[in-house]
Every structure is written in structure tokens, then in C-alpha cells.
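Enquirer: This is the content of upload-v3.cif (mmCIF, C-alpha atoms and all ligand atoms):
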```cif
data_my_file
loop_
_atom_site.label_atom_id
_atom_site.label_comp_id
_atom_site.auth_asym_id
_atom_site.auth_seq_id
_atom_site.Cartn_x
_atom_site.Cartn_y
_atom_site.Cartn_z
CA MET O 1 -61.56 -15.04 -86.92
CA LYS O 2 -63.34 -18.03 -85.38
CA LYS O 3 -60.13 -18.97 -83.57
CA ASP O 4 -59.85 -15.40 -82.22
CA ALA O 5 -63.44 -15.53 -80.99
CA TYR O 6 -62.77 -18.86 -79.27
CA LEU O 7 -59.61 -17.59 -77.55
CA LYS O 8 -61.34 -14.38 -76.49
CA LEU O 9 -64.23 -16.31 -74.96
CA LYS O 10 -61.84 -18.73 -73.23
CA GLN O 11 -59.92 -15.84 -71.72
CA TRP O 12 -63.11 -14.15 -70.53
CA LEU O 13 -64.40 -17.40 -68.99
CA ASP O 14 -61.08 -17.86 -67.20
CA ASP O 15 -61.12 -14.29 -65.93
CA THR O 16 -64.65 -14.63 -64.56
CA ARG O 17 -64.45 -18.27 -63.47
CA ASN O 18 -65.11 -17.51 -59.79
CA GLU O 19 -68.08 -15.24 -60.35
CA PRO O 20 -71.36 -16.66 -59.05
CA LEU O 21 -74.14 -17.37 -61.51
CA GLU O 22 -77.14 -15.03 -61.38
CA THR O 23 -80.73 -16.07 -61.98
CA MET O 24 -82.23 -14.78 -65.24
CA GLY O 25 -84.87 -12.48 -63.73
CA GLY O 26 -82.49 -11.22 -61.01
CA PHE O 27 -79.80 -10.38 -63.56
CA PHE O 28 -82.09 -8.10 -65.58
CA ASP O 29 -83.83 -6.61 -62.53
CA ARG O 30 -80.43 -5.53 -61.18
CA ARG O 31 -79.37 -3.92 -64.47
CA ILE O 32 -82.58 -2.11 -65.29
CA ASP O 33 -81.01 1.37 -65.06
CA ASP O 34 -78.22 0.76 -67.61
CA TYR O 35 -80.00 -1.80 -69.73
CA GLU O 36 -81.22 0.36 -72.61
CA SER O 37 -77.92 2.17 -73.10
CA HIS O 38 -76.10 -1.18 -73.14
CA MET O 39 -78.50 -2.50 -75.79
CA SER O 40 -78.19 0.59 -77.99
CA GLN O 41 -75.48 -1.34 -79.88
CA TRP O 42 -78.37 -3.20 -81.57
CA ALA O 43 -80.20 -0.05 -82.72
CA GLU O 44 -79.93 -0.95 -86.40
CA HIS O 45 -81.04 -4.52 -85.76
CA TYR O 46 -84.19 -3.28 -84.00
CA LYS O 47 -85.06 -1.12 -87.01
CA TRP O 48 -84.35 -4.01 -89.34
CA MET O 49 -86.71 -6.33 -87.47
CA ALA O 50 -89.52 -3.77 -87.62
CA GLN O 51 -88.97 -3.32 -91.38
CA LEU O 52 -89.17 -7.07 -91.99
CA LEU O 53 -92.65 -7.46 -90.56
CA PRO O 54 -95.34 -7.75 -93.26
CA ASP O 55 -97.48 -4.63 -93.83
CA ASN O 56 -100.77 -6.23 -92.91
CA ILE O 57 -100.04 -7.67 -89.48
CA GLU O 58 -102.53 -7.04 -86.69
CA SER O 59 -101.09 -9.05 -83.80
CA ILE O 60 -97.60 -9.80 -82.48
CA LEU O 61 -96.32 -11.97 -79.65
CA ASP O 62 -92.91 -10.77 -78.39
CA ILE O 63 -91.15 -13.39 -76.28
CA GLY O 64 -88.52 -12.02 -73.90
CA CYS O 65 -89.69 -8.49 -74.75
CA GLY O 66 -87.72 -6.86 -71.92
CA THR O 67 -88.19 -3.09 -71.94
CA GLY O 68 -89.49 -3.31 -75.51
CA LEU O 69 -86.59 -1.92 -77.53
CA GLU O 70 -87.75 -3.81 -80.63
CA LEU O 71 -91.26 -2.56 -79.92
CA ASP O 72 -90.08 1.08 -79.98
CA CYS O 73 -89.46 0.63 -83.72
CA ILE O 74 -92.47 -1.61 -84.29
CA PHE O 75 -94.92 0.85 -82.69
CA SER O 76 -93.57 3.65 -84.87
CA ARG O 77 -94.37 1.62 -87.97
CA PHE O 78 -97.61 -0.07 -86.86
CA LYS O 79 -99.80 2.36 -84.92
CA ASN O 80 -102.63 -0.06 -84.10
CA VAL O 81 -100.95 -3.43 -83.80
CA GLU O 82 -101.99 -5.61 -80.87
CA VAL O 83 -98.91 -6.64 -78.87
CA ILE O 84 -98.56 -9.34 -76.26
CA GLY O 85 -95.21 -9.28 -74.52
CA ILE O 86 -93.91 -11.91 -72.15
CA ASP O 87 -90.91 -11.57 -69.90
CA ILE O 88 -89.68 -13.11 -66.68
CA SER O 89 -88.48 -9.77 -65.25
CA LYS O 90 -91.18 -7.58 -63.73
CA LEU O 91 -88.95 -4.50 -63.70
CA MET O 92 -88.26 -4.82 -67.44
CA LEU O 93 -92.00 -5.05 -68.11
CA ASP O 94 -92.70 -2.06 -65.86
CA LYS O 95 -90.29 0.00 -67.94
CA LEU O 96 -91.92 -1.19 -71.16
CA HIS O 97 -95.28 -0.14 -69.75
CA SER O 98 -93.96 3.29 -68.80
CA LYS O 99 -92.88 3.83 -72.43
CA HIS O 100 -95.78 2.23 -74.30
CA GLY O 101 -98.72 2.00 -71.88
CA ASP O 102 -100.77 4.17 -74.27
CA LYS O 103 -100.61 1.37 -76.90
CA ASN O 104 -102.24 -1.04 -74.42
CA PRO O 105 -99.82 -3.94 -74.82
CA THR O 106 -100.73 -7.03 -72.83
CA LEU O 107 -97.71 -7.70 -70.63
CA ILE O 108 -97.27 -11.07 -69.00
CA CYS O 109 -94.66 -11.69 -66.35
CA ASP O 110 -93.93 -15.36 -66.82
CA ASP O 111 -91.57 -17.93 -68.29
CA TYR O 112 -92.10 -18.32 -72.02
CA PHE O 113 -91.29 -22.02 -71.91
CA SER O 114 -94.19 -22.81 -69.59
CA TYR O 115 -96.73 -20.12 -70.59
CA ASP O 116 -99.44 -21.26 -73.01
CA PHE O 117 -99.39 -19.03 -76.14
CA GLY O 118 -102.63 -20.51 -77.50
CA GLU O 119 -103.40 -21.62 -81.03
CA CYS O 120 -103.60 -19.68 -84.34
CA ARG O 121 -103.63 -16.32 -82.54
CA PHE O 122 -100.77 -14.23 -83.96
CA ASP O 123 -99.71 -12.89 -87.34
CA ALA O 124 -96.13 -12.70 -86.11
CA VAL O 125 -94.01 -13.92 -83.21
CA ILE O 126 -90.69 -12.19 -82.55
CA SER O 127 -87.70 -12.76 -80.30
CA PHE O 128 -84.72 -10.46 -79.94
CA GLU O 129 -81.58 -11.38 -77.98
CA THR O 130 -83.36 -13.62 -75.52
CA LEU O 131 -82.76 -17.22 -76.61
CA HIS O 132 -78.98 -17.45 -76.38
CA HIS O 133 -79.16 -18.99 -72.91
CA TYR O 134 -81.00 -22.16 -73.77
CA GLU O 135 -80.19 -25.59 -75.07
CA TYR O 136 -81.34 -27.18 -78.30
CA CYS O 137 -84.13 -29.43 -76.93
CA LYS O 138 -85.69 -26.63 -74.89
CA LYS O 139 -85.68 -24.40 -77.96
CA VAL O 140 -87.37 -27.05 -80.12
CA SER O 141 -90.22 -27.31 -77.61
CA LEU O 142 -90.55 -23.49 -77.57
CA PHE O 143 -90.49 -23.26 -81.38
CA LYS O 144 -93.28 -25.85 -81.51
CA LYS O 145 -95.39 -23.64 -79.23
CA ILE O 146 -94.59 -20.62 -81.39
CA PHE O 147 -95.57 -22.55 -84.51
CA LYS O 148 -98.87 -23.55 -82.92
CA SER O 149 -99.64 -19.98 -81.80
CA LEU O 150 -99.19 -18.54 -85.31
CA LYS O 151 -102.02 -18.10 -87.78
CA PRO O 152 -101.61 -19.92 -91.12
CA ALA O 153 -98.69 -18.33 -93.04
CA GLY O 154 -97.77 -16.36 -89.89
CA ILE O 155 -94.09 -15.58 -89.43
CA TYR O 156 -91.51 -16.01 -86.71
CA LEU O 157 -88.60 -13.52 -86.72
CA GLU O 158 -85.56 -14.11 -84.55
CA CYS O 159 -82.52 -11.89 -84.09
CA ASP O 160 -80.01 -13.27 -81.65
CA TYR O 161 -76.35 -13.94 -81.41
CA ILE O 162 -74.81 -17.25 -82.36
CA ALA O 163 -71.72 -19.26 -81.56
CA LEU O 164 -69.28 -18.84 -84.44
CA SER O 165 -68.08 -22.44 -84.18
CA GLN O 166 -68.93 -25.78 -82.59
CA GLU O 167 -65.96 -25.34 -80.23
CA ILE O 168 -67.45 -22.08 -78.93
CA GLU O 169 -70.87 -23.66 -78.43
CA ASP O 170 -69.31 -26.59 -76.56
CA LEU O 171 -67.03 -24.40 -74.44
CA ALA O 172 -69.88 -22.17 -73.21
CA PHE O 173 -72.18 -25.10 -72.38
CA ALA O 174 -69.38 -26.91 -70.52
CA GLU O 175 -68.56 -23.82 -68.46
CA CYS O 176 -72.22 -23.20 -67.67
CA ARG O 177 -72.49 -26.81 -66.46
CA ARG O 178 -69.39 -26.39 -64.28
CA ARG O 179 -70.71 -23.19 -62.70
CA ARG O 180 -74.18 -24.70 -62.10
CA ASP O 181 -72.61 -27.71 -60.35
CA ARG O 182 -70.31 -25.46 -58.36
CA ASP O 183 -73.18 -23.21 -57.21
CA GLY O 184 -75.63 -26.11 -56.67
CA ILE O 185 -78.18 -24.72 -59.16
CA ASP O 186 -80.59 -27.24 -60.61
CA ASN O 187 -81.34 -27.51 -64.34
CA ASP O 188 -84.83 -26.02 -63.98
CA THR O 189 -83.56 -22.68 -62.68
CA PHE O 190 -82.79 -20.20 -65.46
CA VAL O 191 -79.40 -18.57 -65.11
CA HIS O 192 -77.99 -15.66 -67.05
CA PHE O 193 -75.04 -17.31 -68.75
CA ASP O 194 -74.66 -17.08 -72.52
CA THR O 195 -74.78 -20.43 -74.31
CA PRO O 196 -75.58 -19.58 -77.94
CA LEU O 197 -75.97 -22.34 -80.50
CA THR O 198 -74.24 -22.28 -83.85
CA LEU O 199 -76.33 -20.85 -86.70
CA GLU O 200 -76.74 -24.33 -88.12
CA HIS O 201 -78.11 -25.70 -84.83
CA GLU O 202 -80.36 -22.68 -84.24
CA MET O 203 -81.94 -23.04 -87.68
CA GLN O 204 -82.22 -26.79 -87.32
CA ALA O 205 -84.13 -26.35 -84.04
CA ILE O 206 -86.59 -23.98 -85.75
CA LYS O 207 -87.04 -26.34 -88.72
CA GLU O 208 -87.70 -29.23 -86.35
CA ALA O 209 -90.76 -27.38 -85.03
CA GLY O 210 -92.49 -27.87 -88.39
CA PHE O 211 -92.22 -24.49 -90.17
CA SER O 212 -92.81 -24.71 -93.92
CA ARG O 213 -89.83 -22.42 -94.59
CA THR O 214 -86.90 -21.39 -92.40
CA GLU O 215 -84.42 -18.94 -93.90
CA LEU O 216 -81.40 -16.94 -92.94
CA ILE O 217 -82.19 -13.39 -93.98
CA GLY O 218 -78.63 -12.34 -93.27
CA PHE O 219 -76.36 -10.20 -91.14
CA LEU O 220 -75.95 -6.44 -91.01
CA GLU O 221 -72.70 -4.95 -92.25
CA HIS O 222 -69.74 -5.30 -89.85
CA ASP O 223 -71.50 -8.00 -87.86
CA ASP O 224 -70.97 -11.72 -88.27
CA HIS O 225 -72.63 -13.07 -85.16
CA THR O 226 -76.17 -11.64 -84.99
CA PRO O 227 -78.21 -13.19 -87.79
CA MET O 228 -81.81 -12.44 -88.59
CA ILE O 229 -83.79 -15.63 -89.15
CA ARG O 230 -87.31 -15.88 -90.54
CA ALA O 231 -89.59 -18.90 -90.41
CA VAL O 232 -93.00 -19.18 -92.04
CA LYS O 233 -95.81 -21.40 -90.79
C1 LIG E 301 -81.20 -9.25 -73.45
S1 LIG E 301 -82.86 -9.07 -72.96
C2 LIG E 301 -83.67 -8.66 -74.51
C3 LIG E 301 -84.96 -7.92 -74.27
C4 LIG E 301 -85.57 -7.33 -75.53
N1 LIG E 301 -85.99 -8.38 -76.43
C5 LIG E 301 -84.59 -6.39 -76.19
O1 LIG E 301 -83.95 -6.77 -77.17
O2 LIG E 301 -84.41 -5.29 -75.66
C6 LIG E 301 -83.45 -10.72 -72.69
C7 LIG E 301 -84.81 -10.73 -72.03
O3 LIG E 301 -85.33 -12.06 -72.07
C8 LIG E 301 -85.98 -12.32 -70.83
N2 LIG E 301 -86.03 -13.78 -70.62
C9 LIG E 301 -84.98 -14.65 -70.64
N3 LIG E 301 -85.42 -15.90 -70.43
C10 LIG E 301 -86.77 -15.83 -70.30
C11 LIG E 301 -87.79 -16.79 -70.07
N4 LIG E 301 -87.51 -18.11 -69.93
N5 LIG E 301 -89.08 -16.38 -70.01
C12 LIG E 301 -89.37 -15.05 -70.16
N6 LIG E 301 -88.45 -14.08 -70.35
C13 LIG E 301 -87.16 -14.47 -70.43
C14 LIG E 301 -85.13 -11.58 -69.81
O4 LIG E 301 -85.82 -11.34 -68.61
C15 LIG E 301 -84.78 -10.30 -70.57
O5 LIG E 301 -85.70 -9.27 -70.36
#
```
Could you write out this file's structure as C-alpha cells?
Ligand SMILES: C[S@@+](CC[C@H](N)C(=O)[O-])C[C@H]1O[C@@H](n2cnc3c(N)ncnc32)[C@H](O)[C@@H]1O
Expert:
Amino acid sequence: MKKDAYLKLKQWLDDTRNEPLETMGGFFDRRIDDYESHMSQWAEHYKWMAQLLPDNIESILDIGCGTGLELDCIFSRFKNVEVIGIDISKLMLDKLHSKHGDKNPTLICDDYFSYDFGECRFDAVISFETLHHYEYCKKVSLFKKIFKSLKPAGIYLECDYIALSQEIEDLAFAECRRRRDRDGIDNDTFVHFDTPLTLEHEMQAIKEAGFSRTELIGFLEHDDHTPMIRAVK
């Protein structure tokens, strides 16, 4: 299975090797029209995330909220929750606003690595399918900010896809490096190229931020690469 996944990725990287890299915001801006139908494959995962939030939450920070597909389910369960969403793509946020403007979410068009989330502000922080482009050290610094922004005993929920083996993680990072060098793109520019970490590395990065408990909640049936992870402050 892992070998198949490696060979499939290798083939896909070979097939697309001459394609130029796209910047993160540009990638999503250009796909705004088809985005939600493409992401409908995660419909059950969105419901699952909403179900996992504790009953009594009043505030949520959603990093990389996009058009708010996870929020569609969250707003149906929590009618009065305060939501702050941050995303680098203005068009994604505009779409979120067109769907949920009546709930008054605060939408911030910015980079979640550099934006200040504040201290002890949120009952929950969530991220869905947004972190699989970033390397370990960057994630640790982000998880530290998330930790700081949570109230005591607040929770962080993450649903994102992982590399099924170390070879897959290494292959994707090496190819991203090659394409960056080829296209002359510096390390500070975010590109849309998938470089997921293994589950072990992803959880280690969260633990390193200081959470009192970090746990793998599990996978949905027929899926072995999109875990739900929960961390408690
Ligand atoms: C695959 S989409 C997921 C969006 C939403 N969470 C969902 O599941 O529908 C990833 C989102 O993360 C955003 N994103 C990626 N890197 C970001 C960064 N450094 N700062 C803010 N947003 C970022 C992208 O613009 C995009 O909207």
C-alpha cells in the first residue's frame, strides 16, 4: 500500500515535472469556481470536525478557512459561536462572506504564520487541509502561536492529509526544492505544492508546541491518509 502510494506520487511528479509552481494565494484565487465541488470529497470529515468540538465553545479561530466548508457544518451546530477566519486568498474569503456574512465572522486576509493570534482568546482553533504545504520547523512555530492563543484547556483540531511513509515525505520535499530552484522562487514565498509530513512528524510538531495532550482521534472508514488530530492546552 505504502509502496503503491510512493510509486503513484513518483509517477505524478514525473508527469508534471515541467509545470511551473504557483503561489499559494494565486492557486486558490484561480480555482475559486470549482473549489467547493473539488473539496466535496471531504464532506464527512467536515461533519466529523464539527461533531468533535465541545458543546460549550463560544469562540473559534479557523486558520486557512478558505470558503469555510468546515464552517458550514460548524455554524449549523453552533448558532452563536464567534468565528475568526484567516486566509491568504481574498477570493476564498469573499466566498465565505457571501455564504455566512449573517453570522458576522471576522475574516482576515493575511498569512497565518505572521499574523498575531493574541493570547488566551479562543476556546478552539481548527485547521482543515491547509498545513500540508509546510515544513516541520514552520509548523512548530505556528503551533506555538496556536497554543498561546487558546484559553486554558482550549483545543486544537486538525484534519489534514499525511505522507504515508518517510520516503513519500522526502520525495515531495525534494521535488518542491527542485522546482523552487528551477523557478527562482525564494523560501519566503508560499507555493502550492503538497509536502505533507508523516503522521509521526505532524504529531511531534504539535507536541513540541507544549500541548498537555496530543492525540490521534483516528481516520474515517476507507481513508488511511487524512487523520483527525486533537491537542489540548
Ligand atoms: C485546501 S484549502 C482548505 C480551505 C478550508 N479549510 C477547507 O477545508 O475548505 C487551503 C486554504 O489554506 C489557505 N492558506 C494556505 N497557506 C496559508 C497561509 N500561510 N496563510 C493563510 N492562509 C493560507 C489557502 O489560501 C486556502 O484557502
Enquirer: Hey, which of O:Tyr161, O:Gln204, O:Cys176, O:His45 ends up closest to Glu221 (chain O)? Count all atoms listed in the file.
Expert: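 Looking at the shortest contact to Glu221 (chain O), the residue is O:His45.
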Enquirer: Using all atoms listed in the file, which residues of the polymer chains come no farther than 7 Å from ligand LIG 301 (chain E)? I'd like the answer as a list in words.
Expert: Met24, Gly25, Phe28, Met39, Ile63, Gly64, Cys65, Gly66, Thr67, Gly68, Leu69, Glu70, Ile86, Asp87, Ile88, Ser89, Met92, Asp110, Asp111, Tyr112, Phe113, Ser127, Phe128, Glu129, Thr130, Leu131 and Phe190 of chain O
Enquirer: Between CA of Lys3 (chain O) and CA of Glu169 (chain O), what is the distance, to one decimal in Å?
Expert: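 Taking CA of Lys3 (chain O) and CA of Glu169 (chain O), their separation equals 12.8 Å.
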Enquirer: When you count all atoms listed in the file, which of these residues is closest to Asp62 (chain O): O:Ile32, O:Val191, O:Ile108, O:Arg178?
Expert: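 Checking each candidate against Asp62 (chain O), we get O:Ile108 as the closest.
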Enquirer: Hey, which of O:Ser212, O:Ser141, O:Asn18, O:Gln166 ends up closest to Ala153 (chain O)? Count only C-alpha atoms.
Expert: O:Ser212
